[in-house]
>>> print(open('entry-v8.txt').read())   # compact mmCIF, C-alpha atoms
# COMPACT_ATOMS: atom_id res chain seq x y z
CA MET O 626 31.78 -10.38 -19.06
CA ASP O 627 28.05 -10.96 -19.09
CA GLU O 628 28.32 -13.20 -16.07
CA LYS O 629 30.20 -10.51 -14.17
CA LEU O 630 27.53 -7.98 -15.05
CA ASN O 631 24.83 -10.35 -13.90
CA VAL O 632 26.58 -10.91 -10.58
CA ARG O 633 26.92 -7.16 -10.09
CA GLU O 634 23.29 -6.63 -10.96
CA GLU O 635 22.29 -9.31 -8.46
CA GLU O 636 24.45 -7.69 -5.80
CA ALA O 637 22.99 -4.26 -6.53
CA LYS O 638 19.47 -5.72 -6.31
CA LYS O 639 20.33 -7.28 -2.95
CA ILE O 640 21.66 -3.97 -1.61
CA VAL O 641 18.54 -2.10 -2.76
CA GLU O 642 16.35 -4.82 -1.23
CA GLU O 643 18.23 -4.65 2.08
CA PHE O 644 17.98 -0.88 2.07
CA GLU O 645 14.23 -1.05 1.42
CA ASN O 646 13.81 -3.63 4.19
CA LYS O 647 15.76 -1.43 6.59
CA LYS O 648 13.62 1.55 5.62
CA ASP O 649 10.45 -0.48 6.17
CA MET O 650 11.75 -1.78 9.50
CA ASN O 651 12.44 1.79 10.64
CA PHE O 652 8.91 2.73 9.65
CA ILE O 653 7.45 -0.19 11.63
CA GLU O 654 9.69 0.61 14.61
CA SER O 655 8.41 4.19 14.63
CA LEU O 656 4.81 2.94 14.48
CA VAL O 657 5.44 0.65 17.44
CA LYS O 658 7.21 3.30 19.52
CA ASN O 659 4.27 5.65 19.76
CA ASN O 660 0.59 5.96 18.96
CA CYS O 661 1.32 8.69 16.46
CA TYR O 662 3.78 8.87 13.58
CA GLU O 663 5.58 12.12 12.80
CA PHE O 664 7.31 12.87 9.51
CA SER O 665 8.38 15.89 7.49
CA ARG O 666 7.66 16.62 3.87
CA ASN O 667 8.45 19.76 1.89
CA ASN O 668 9.72 21.46 5.07
CA LYS O 669 6.43 20.83 6.86
CA LEU O 670 5.93 18.64 9.88
CA TYR O 671 3.06 16.14 9.75
CA ARG O 672 1.68 13.50 12.05
CA ILE O 673 -0.77 10.63 11.79
CA LYS O 674 -2.27 10.00 15.19
CA LEU O 675 -4.54 7.54 16.89
CA LEU O 676 -8.01 9.07 17.04
CA LEU O 677 -9.20 10.46 20.36
CA ASN O 678 -12.46 9.12 21.77
CA LYS O 679 -14.22 12.32 20.66
CA GLU O 680 -12.94 11.84 17.12
CA LYS O 681 -13.88 8.16 17.12
CA GLU O 682 -17.40 9.19 18.07
CA GLN O 683 -17.36 11.76 15.25
CA LEU O 684 -16.20 9.08 12.81
CA ASN O 685 -18.99 6.77 13.90
CA GLN O 686 -21.63 9.48 13.56
CA MET O 687 -20.42 10.34 10.06
CA ARG O 688 -20.31 6.67 9.10
CA LEU O 689 -23.94 6.21 10.18
CA ALA O 690 -25.00 9.37 8.35
CA LYS O 691 -23.28 8.12 5.18
CA PHE O 692 -24.94 4.71 5.57
CA ASN O 693 -28.37 6.36 5.81
CA GLU O 694 -27.59 8.48 2.77
CA MET O 695 -26.37 5.52 0.71
CA VAL O 696 -29.25 3.25 1.70
CA GLN O 697 -31.79 5.82 0.43
CA LYS O 698 -29.93 7.06 -2.65
CA LYS O 699 -31.60 6.31 -5.98
CA ASP O 700 -30.24 6.47 -9.50
CA GLY O 701 -31.82 8.24 -12.50
CA ASN O 702 -34.19 5.30 -13.12
CA GLY O 703 -35.58 5.36 -9.59
CA ASN O 704 -33.69 2.23 -8.51
CA PHE O 705 -31.58 2.12 -5.39
CA ALA O 706 -28.04 3.23 -6.25
CA TYR O 707 -26.36 0.81 -3.85
CA ILE O 708 -27.08 -2.84 -3.27
CA MET O 709 -26.91 -4.46 0.17
CA GLU O 710 -24.60 -7.45 0.61
CA LYS O 711 -27.48 -9.87 1.30
CA GLU O 712 -29.28 -8.80 -1.89
CA LEU O 713 -26.07 -9.06 -3.88
CA ILE O 714 -25.54 -12.61 -2.60
CA LYS O 715 -29.05 -13.53 -3.79
CA LEU O 716 -28.45 -11.87 -7.15
CA LEU O 717 -25.19 -13.75 -7.59
CA GLU O 718 -26.98 -16.98 -6.74
CA GLN O 719 -29.34 -16.36 -9.66
CA ARG O 720 -26.26 -16.12 -11.86
CA GLY O 721 -24.98 -19.45 -10.56
CA ILE O 722 -22.40 -18.05 -8.11
CA ASN O 723 -22.84 -19.39 -4.63
CA ILE O 724 -21.15 -17.32 -1.91
CA LYS O 725 -22.09 -19.86 0.77
CA GLU O 726 -20.11 -22.46 -1.15
CA LEU O 727 -17.09 -20.16 -1.05
CA ASP O 728 -17.61 -19.64 2.70
CA ASP O 729 -17.76 -23.43 3.23
CA LYS O 730 -14.64 -23.86 1.13
CA ILE O 731 -12.83 -21.29 3.28
CA LYS O 732 -14.02 -23.00 6.48
CA ASN O 733 -12.84 -26.43 5.28
CA LEU O 734 -9.48 -25.09 4.18
CA GLU O 735 -9.03 -23.32 7.52
CA ALA O 736 -9.84 -26.55 9.36
CA LYS O 737 -7.26 -28.35 7.18
CA GLU O 738 -4.71 -25.62 7.94
CA ASN O 739 -5.41 -25.97 11.65
CA ASP O 740 -4.89 -29.76 11.54
CA LEU O 741 -1.62 -29.38 9.67
CA MET O 742 -0.46 -26.73 12.13
CA LEU O 743 -1.16 -29.06 15.06
CA GLN O 744 0.70 -31.90 13.36
CA MET O 745 3.64 -29.61 12.65
CA GLY O 746 3.60 -28.32 16.24
CA GLU O 747 3.61 -31.89 17.56
CA SER O 748 6.57 -32.83 15.38
CA ILE O 749 8.44 -29.72 16.49
CA GLU O 750 7.96 -30.69 20.14
CA LYS O 751 8.99 -34.26 19.42
CA LYS O 752 12.05 -32.91 17.60
CA ALA O 753 11.18 -34.73 14.39
CA ASP O 754 13.40 -34.65 11.33
CA ILE O 755 13.55 -31.21 9.70
CA ASN O 756 12.40 -32.68 6.37
CA ILE O 757 9.14 -33.80 7.99
CA ILE O 758 8.63 -30.34 9.52
CA ASP O 759 9.46 -28.66 6.21
CA GLY O 760 6.96 -30.97 4.50
CA TYR O 761 4.22 -29.74 6.82
CA LYS O 762 5.33 -26.17 6.24
CA ASN O 763 4.99 -26.50 2.46
CA ASP O 764 1.55 -28.11 2.83
CA ILE O 765 0.43 -25.28 5.13
CA LEU O 766 1.72 -22.63 2.73
CA ASP O 767 -0.21 -24.30 -0.11
CA VAL O 768 -3.42 -24.32 1.94
CA GLN O 769 -2.87 -20.69 2.96
CA LYS O 770 -2.47 -19.73 -0.70
CA GLU O 771 -5.72 -21.52 -1.54
CA ILE O 772 -7.51 -19.70 1.30
CA MET O 773 -6.19 -16.38 0.02
CA ILE O 774 -7.40 -17.12 -3.53
CA VAL O 775 -10.92 -18.04 -2.38
CA LYS O 776 -11.11 -15.03 -0.04
CA THR O 777 -9.99 -12.72 -2.84
CA GLN O 778 -12.60 -14.26 -5.16
CA LYS O 779 -15.28 -13.62 -2.54
CA ASN O 780 -14.10 -10.05 -1.91
CA ILE O 781 -14.13 -9.23 -5.62
CA LEU O 782 -17.65 -10.60 -5.98
CA LEU O 783 -18.95 -8.59 -3.03
CA GLU O 784 -16.90 -5.47 -3.69
CA SER O 785 -19.83 -3.47 -5.04
CA SER O 786 -22.04 -3.98 -1.99
CA LEU O 787 -23.10 -0.98 0.05
CA GLU O 788 -21.23 -2.31 3.09
CA ASN O 789 -17.94 -2.52 1.18
CA GLN O 790 -18.40 0.88 -0.42
CA LEU O 791 -18.99 2.28 3.04
CA LEU O 792 -15.69 0.81 4.23
CA GLY O 793 -13.88 2.86 1.59
CA TYR O 794 -15.57 6.00 2.87
CA VAL O 795 -14.63 5.14 6.49
CA ALA O 796 -10.98 4.77 5.43
CA GLN O 797 -11.05 8.23 3.82
CA LEU O 798 -12.74 9.64 6.91
CA ALA O 799 -10.12 8.11 9.19
CA CYS O 800 -7.34 9.66 7.07
CA THR O 801 -9.05 13.07 7.22
CA LEU O 802 -9.39 12.93 10.99
CA SER O 803 -5.95 11.55 11.80
CA THR O 804 -3.67 13.59 9.53
CA GLU O 805 -2.38 16.78 11.14
CA THR O 806 0.27 19.37 10.41
CA PHE O 807 2.17 21.58 12.83
CA ASN O 808 1.29 25.25 12.60
CA GLU O 809 4.40 27.10 13.77
CA GLU O 810 2.66 30.46 14.06
CA LYS O 811 -0.05 29.10 16.32
CA ASN O 812 2.32 26.55 17.85
CA GLU O 813 -0.29 23.83 17.61
CA TRP O 814 -1.30 20.82 15.54
CA GLU O 815 -4.15 21.29 13.10
CA LYS O 816 -6.00 19.11 10.61
CA VAL O 817 -4.57 19.00 7.08
CA TYR O 818 -8.00 18.37 5.57
CA LYS O 819 -11.16 20.00 6.88
CA SER O 820 -13.42 17.41 5.21
CA VAL O 821 -13.46 14.16 3.22
CA ASN O 822 -14.17 16.22 0.08
CA GLU O 823 -10.99 18.20 0.68
CA PHE O 824 -9.09 14.93 1.17
CA ASP O 825 -10.59 13.67 -2.10
CA LEU O 826 -9.28 16.72 -3.96
CA GLU O 827 -5.66 16.15 -2.85
CA LYS O 828 -3.52 15.79 -5.97
CA ASP O 829 -0.34 14.47 -4.38
CA GLU O 830 -1.00 10.75 -4.85
CA GLU O 831 2.25 9.63 -3.23
CA PHE O 832 1.29 11.58 -0.09
CA ILE O 833 -2.25 10.14 -0.14
CA ASP O 834 -0.87 6.59 -0.48
CA PHE O 835 1.48 7.10 2.41
CA ILE O 836 -1.01 8.65 4.83
CA THR O 837 -3.64 6.03 3.94
CA ARG O 838 -1.17 3.24 4.69
CA ALA O 839 -0.03 4.81 7.95
CA THR O 840 -3.61 5.59 9.04
CA MET O 841 -4.73 2.02 8.40
CA LEU O 842 -1.79 0.70 10.42
CA ILE O 843 -2.40 3.06 13.33
CA GLN O 844 -6.20 2.89 13.46
CA PHE O 845 -7.10 -0.58 12.28
CA ILE O 846 -4.18 -2.79 11.11
CA MET J 1406 6.13 -5.40 3.08
CA ASN J 1407 4.49 -7.87 5.40
CA ILE J 1408 3.76 -5.89 8.57
CA ILE J 1409 3.17 -8.92 10.77
CA LYS J 1410 6.47 -10.46 9.63
CA ALA J 1411 8.25 -7.19 10.48
CA LEU J 1412 6.61 -7.17 13.92
CA HIS J 1413 7.76 -10.75 14.46
CA ASN J 1414 11.32 -9.83 13.54
CA LEU J 1415 11.26 -6.88 15.90
CA ALA J 1416 9.73 -8.85 18.79
CA LYS J 1417 12.12 -11.80 18.57
CA ASP J 1418 15.20 -9.59 18.38
CA ILE J 1419 17.36 -10.28 21.43
CA ASN J 1420 17.80 -6.55 22.17
CA THR J 1421 14.05 -6.00 22.13
CA GLN J 1422 13.58 -9.03 24.40
CA ASN J 1423 16.16 -7.63 26.84
CA ILE J 1424 14.43 -4.24 26.94
CA PHE J 1425 11.13 -6.03 27.48
CA GLN J 1426 12.55 -7.97 30.46
CA VAL J 1427 14.03 -4.83 32.01
CA SER J 1428 10.82 -2.86 31.52
CA LYS J 1429 8.93 -5.57 33.42
CA GLU J 1430 11.35 -5.39 36.34
CA ILE J 1431 12.07 -1.67 36.60
CA ASN J 1432 9.27 0.57 37.69
CA GLY J 1433 8.91 3.66 35.52
CA MET J 1434 10.54 2.16 32.44
CA TYR J 1435 8.15 1.93 29.54
CA LEU J 1436 8.26 0.17 26.21
CA PHE J 1437 6.39 2.88 24.34
CA GLU J 1438 6.39 6.67 24.37
CA ASN J 1439 2.63 6.70 24.99
CA LYS J 1440 1.61 5.24 28.34
CA ILE J 1441 -2.08 4.89 27.49
CA ASN J 1442 -4.20 4.55 24.31
CA PHE J 1443 -2.24 1.75 22.67
CA THR J 1444 -2.72 1.17 18.97
CA LYS J 1445 -3.59 -2.29 17.63
CA ILE J 1446 -0.07 -2.59 16.27
CA GLN J 1447 1.29 -1.97 19.79
CA ASN J 1448 -1.08 -4.55 21.29
CA ILE J 1449 -0.01 -7.14 18.73
CA PHE J 1450 3.61 -6.30 19.47
CA ILE J 1451 3.13 -6.83 23.24
CA GLU J 1452 1.48 -10.17 22.53
CA LEU J 1453 4.42 -11.17 20.34
CA LEU J 1454 6.92 -10.14 23.02
CA TYR J 1455 5.27 -12.52 25.50
CA THR J 1456 5.09 -15.23 22.83
CA TYR J 1457 8.79 -15.02 22.03
CA GLU J 1458 9.58 -14.93 25.75
CA THR J 1459 7.78 -18.29 26.11
CA ILE J 1460 9.57 -19.69 23.06
CA ARG J 1461 12.99 -18.60 24.33
CA LYS J 1462 12.26 -20.19 27.72
CA ASP J 1463 11.30 -23.48 26.04
CA ILE J 1464 14.48 -23.33 23.96
CA ALA J 1465 16.54 -22.63 27.09
CA ILE J 1466 15.25 -25.80 28.79
CA GLU J 1467 15.82 -27.69 25.52
CA LYS J 1468 12.17 -28.53 25.11
CA ILE J 1469 12.43 -27.39 21.51
CA SER J 1470 15.30 -26.51 19.19
CA ASN J 1471 16.09 -22.92 18.27
CA LYS J 1472 15.01 -23.72 14.72
CA VAL J 1473 11.57 -22.56 15.88
CA LEU J 1474 12.88 -18.99 15.92
CA GLU J 1475 13.78 -19.18 12.23
CA ASP J 1476 10.23 -19.20 10.98
CA GLU J 1477 7.10 -17.66 12.46
CA LEU J 1478 5.05 -20.53 11.05
CA PHE J 1479 7.09 -23.00 13.20
CA MET J 1480 6.49 -20.81 16.22
CA GLU J 1481 2.79 -20.42 15.55
CA ALA J 1482 2.37 -24.18 15.01
CA TYR J 1483 4.30 -25.05 18.16
CA LEU J 1484 2.24 -22.67 20.30
CA LYS J 1485 -0.99 -23.91 18.75
CA TRP J 1486 0.02 -27.46 19.59
CA LYS J 1487 1.23 -26.49 23.08
CA ASN J 1488 -2.15 -24.97 23.95
CA SER J 1489 -4.27 -27.60 22.17
CA ASP J 1490 -6.75 -29.92 23.87
CA LYS J 1491 -5.20 -32.91 22.08
CA ARG J 1492 -1.80 -32.29 23.65
CA ASN J 1493 -3.31 -31.69 27.09
CA LYS J 1494 -5.22 -34.98 26.79
CA GLN J 1495 -2.04 -36.81 25.78
CA LYS J 1496 -0.27 -35.31 28.78
CA GLU J 1497 -3.04 -36.29 31.17
CA GLU J 1498 -3.08 -39.84 29.83
CA LYS J 1499 0.67 -40.07 30.37
CA LYS J 1500 0.26 -38.81 33.92
CA GLU J 1501 -2.52 -41.31 34.63
CA LYS J 1502 -0.38 -44.14 33.32
CA LYS J 1503 2.45 -43.07 35.57
CA THR J 1504 0.28 -42.79 38.69
CA GLY J 1505 -1.36 -46.11 37.80
CA ASN J 1506 1.97 -47.85 38.19
CA LEU J 1507 2.62 -46.32 41.61
CA ARG J 1508 2.70 -48.86 44.44
CA LEU J 1509 2.39 -47.84 48.05
CA ALA J 1510 4.85 -49.38 50.43
CA PRO J 1511 4.07 -49.74 54.14
CA THR J 1512 6.17 -47.38 56.21
CA LYS J 1513 6.24 -46.10 59.70
CA LYS J 1514 3.41 -43.79 60.74
CA ILE J 1515 4.49 -40.19 60.35
CA ILE J 1516 3.28 -37.76 62.98
CA PHE J 1517 3.28 -34.20 61.74
CA PRO J 1518 3.82 -31.44 64.33
CA SER J 1519 0.65 -29.54 65.17
CA LEU J 1520 0.34 -26.03 63.78
CA GLU J 1521 -1.67 -24.83 66.78
CA LYS J 1522 0.29 -23.01 69.45
CA LYS J 1523 0.20 -24.65 72.76
>>> encode(input="entry-v8.txt", output="structure tokens")
Amino acid sequence: MDEKLNVREEEAKKIVEEFENKKDMNFIESLVKNNCYEFSRNNKLYRIKLLLNKEKEQLNQMRLAKFNEMVQKKDGNGNFAYIMEKELIKLLEQRGINIKELDDKIKNLEAKENDLMLQMGESIEKKADINIIDGYKNDILDVQKEIMIVKTQKNILLESSLENQLLGYVAQLACTLSTETFNEEKNEWEKVYKSVNEFDLEKDEEFIDFITRATMLIQFI
Amino acid sequence: MNIIKALHNLAKDINTQNIFQVSKEINGMYLFENKINFTKIQNIFIELLYTYETIRKDIAIEKISNKVLEDELFMEAYLKWKNSDKRNKQKEEKKEKKTGNLRLAPTKKIIFPSLEKK
């Protein structure tokens, strides 16, 4: 009985997985079809669009203004509120964490990955045994995992830098500028959020997650 | 979901490849609804369409097996190797070896017709 239940559970999981994959594929297909993505939610039509040149210029201006603001901002003790990446690297060095070492590690691993890829490519062309090709594949996947771990380590260590904090702001800005809703009365598209602050105040987290994901895919990927 | 993997799946799909071929041949048929201002995702997709076209051609002439289509890592590795300096060097060396063995045999003198109008 238990076995039967397990099999059914497995089957149900597979169906849900397939359905999710299909849903994701439809989403990707829609993103490929056009440079803007339309969807409806609570009887309202929305779109996430690729920024126009004018809007890109606006984004850049606002990014620079934010940078200038952040670089000058001081905390209650009169110290700079944000730390530049270069300074943070030096500070980490004093604590015995060497970012350059991580960079070198990444470089070496990438070179190793490249060599393995070439060897695998050569064996594919020479129609080598599939076990040999699969062996290369597993080695490459291991190296790729290692690269990912080191890159994540580096990103976590440098997360608090001014440059990285600015990236977060740029993402919010891009969402604000690219999310529009259709105004039926005026028969035109208009911005959902008038400013980043307004975007920040949005309470519908599911909606925020979705538009952030779609914006990143359309603007930057 | 891995976006790049999804793009690979979409680009290697035989229907997508057929549409891509037709759009190249028929004037006025477009792959995307927007004709300008392509997004990065669209640019990557176009690149992948050309890549899979190359792969399918190589499979058709039996240069490689269709196993390459099963995994994007196989495809990536094969293309990396195909465009590598090492492979090109190997090819050139092979060519040189072949031409090195060529022996000229004395034949009759061939007189080509003149291109100038008399």
>>> atom_distance(input="entry-v8.txt", atom1="CA of Arg688 in chain O", atom2="CA of Val795 in chain O")
6.4 Å
>>> residues_around(input="entry-v8.txt", residues="Glu726 in chain O", least_positions_apart="6", cutoff="12 Å", atoms="all atoms listed in the file", output="list of chain:residue names")
O:Ile714, O:Leu717, O:Glu718, O:Lys732, O:Asn733, O:Val775, O:Lys776, O:Gln778, O:Lys779
>>> write_last_selection(input="entry-v8.txt", atoms="C-alpha atoms", output="PDB file, keeping the file's coordinate frame")
ATOM      1  CA  ILE O 714     -25.540 -12.610  -2.600  1.00  0.00           C
ATOM      2  CA  LEU O 717     -25.190 -13.750  -7.590  1.00  0.00           C
ATOM      3  CA  GLU O 718     -26.980 -16.980  -6.740  1.00  0.00           C
ATOM      4  CA  LYS O 732     -14.020 -23.000   6.480  1.00  0.00           C
ATOM      5  CA  ASN O 733     -12.840 -26.430   5.280  1.00  0.00           C
ATOM      6  CA  VAL O 775     -10.920 -18.040  -2.380  1.00  0.00           C
ATOM      7  CA  LYS O 776     -11.110 -15.030  -0.040  1.00  0.00           C
ATOM      8  CA  GLN O 778     -12.600 -14.260  -5.160  1.00  0.00           C
ATOM      9  CA  LYS O 779     -15.280 -13.620  -2.540  1.00  0.00           C
TER      10      LYS O 779
END
>>> interface_residues(input="entry-v8.txt", of="chain O", to="chain J", cutoff="6 Å", atoms="only C-alpha atoms", output="list in words")
Val657, Lys658, Asn659, Asn660, Met742, Leu743, Gly746, Glu750 and Ile843 of chain O
>>> closest_residue(input="entry-v8.txt", among="J:Ile1419, J:Leu1520, J:Ile1424, J:Ile1431", to="Tyr1457 in chain J", atoms="all atoms listed in the file")
J:Ile1419
>>> atom_distance(input="entry-v8.txt", atom1="CA of Thr806 in chain O", atom2="CA of Thr837 in chain O")
15.3 Å
>>> atom_distance(input="entry-v8.txt", atom1="CA of Leu741 in chain O", atom2="CA of Lys770 in chain O")
14.2 Å
>>> closest_residue(input="entry-v8.txt", among="O:Leu783, O:Leu842, O:Ile833, O:Ala799", to="Leu716 in chain O", atoms="all atoms listed in the file")
O:Leu783
>>> closest_residue(input="entry-v8.txt", among="O:Leu826, O:Ala753, O:Leu734, O:Leu656", to="Arg672 in chain O", atoms="all atoms listed in the file")
O:Leu656
>>> residues_around(input="entry-v8.txt", residues="Ile708 in chain O", least_positions_apart="2", cutoff="7 Å", atoms="only C-alpha atoms", output="PyMOL selection string")
chain O and resi 706+710+712-713+786-787
>>> axis_aligned_box(input="entry-v8.txt", around="range 1457-1467 of chain J", padding_each_side="3 Å", output="lines of an AutoDock Vina configuration file")
center_x = 12.2
center_y = -21.3
center_z = 25.4
size_x = 14.8
size_y = 18.8
size_z = 12.8
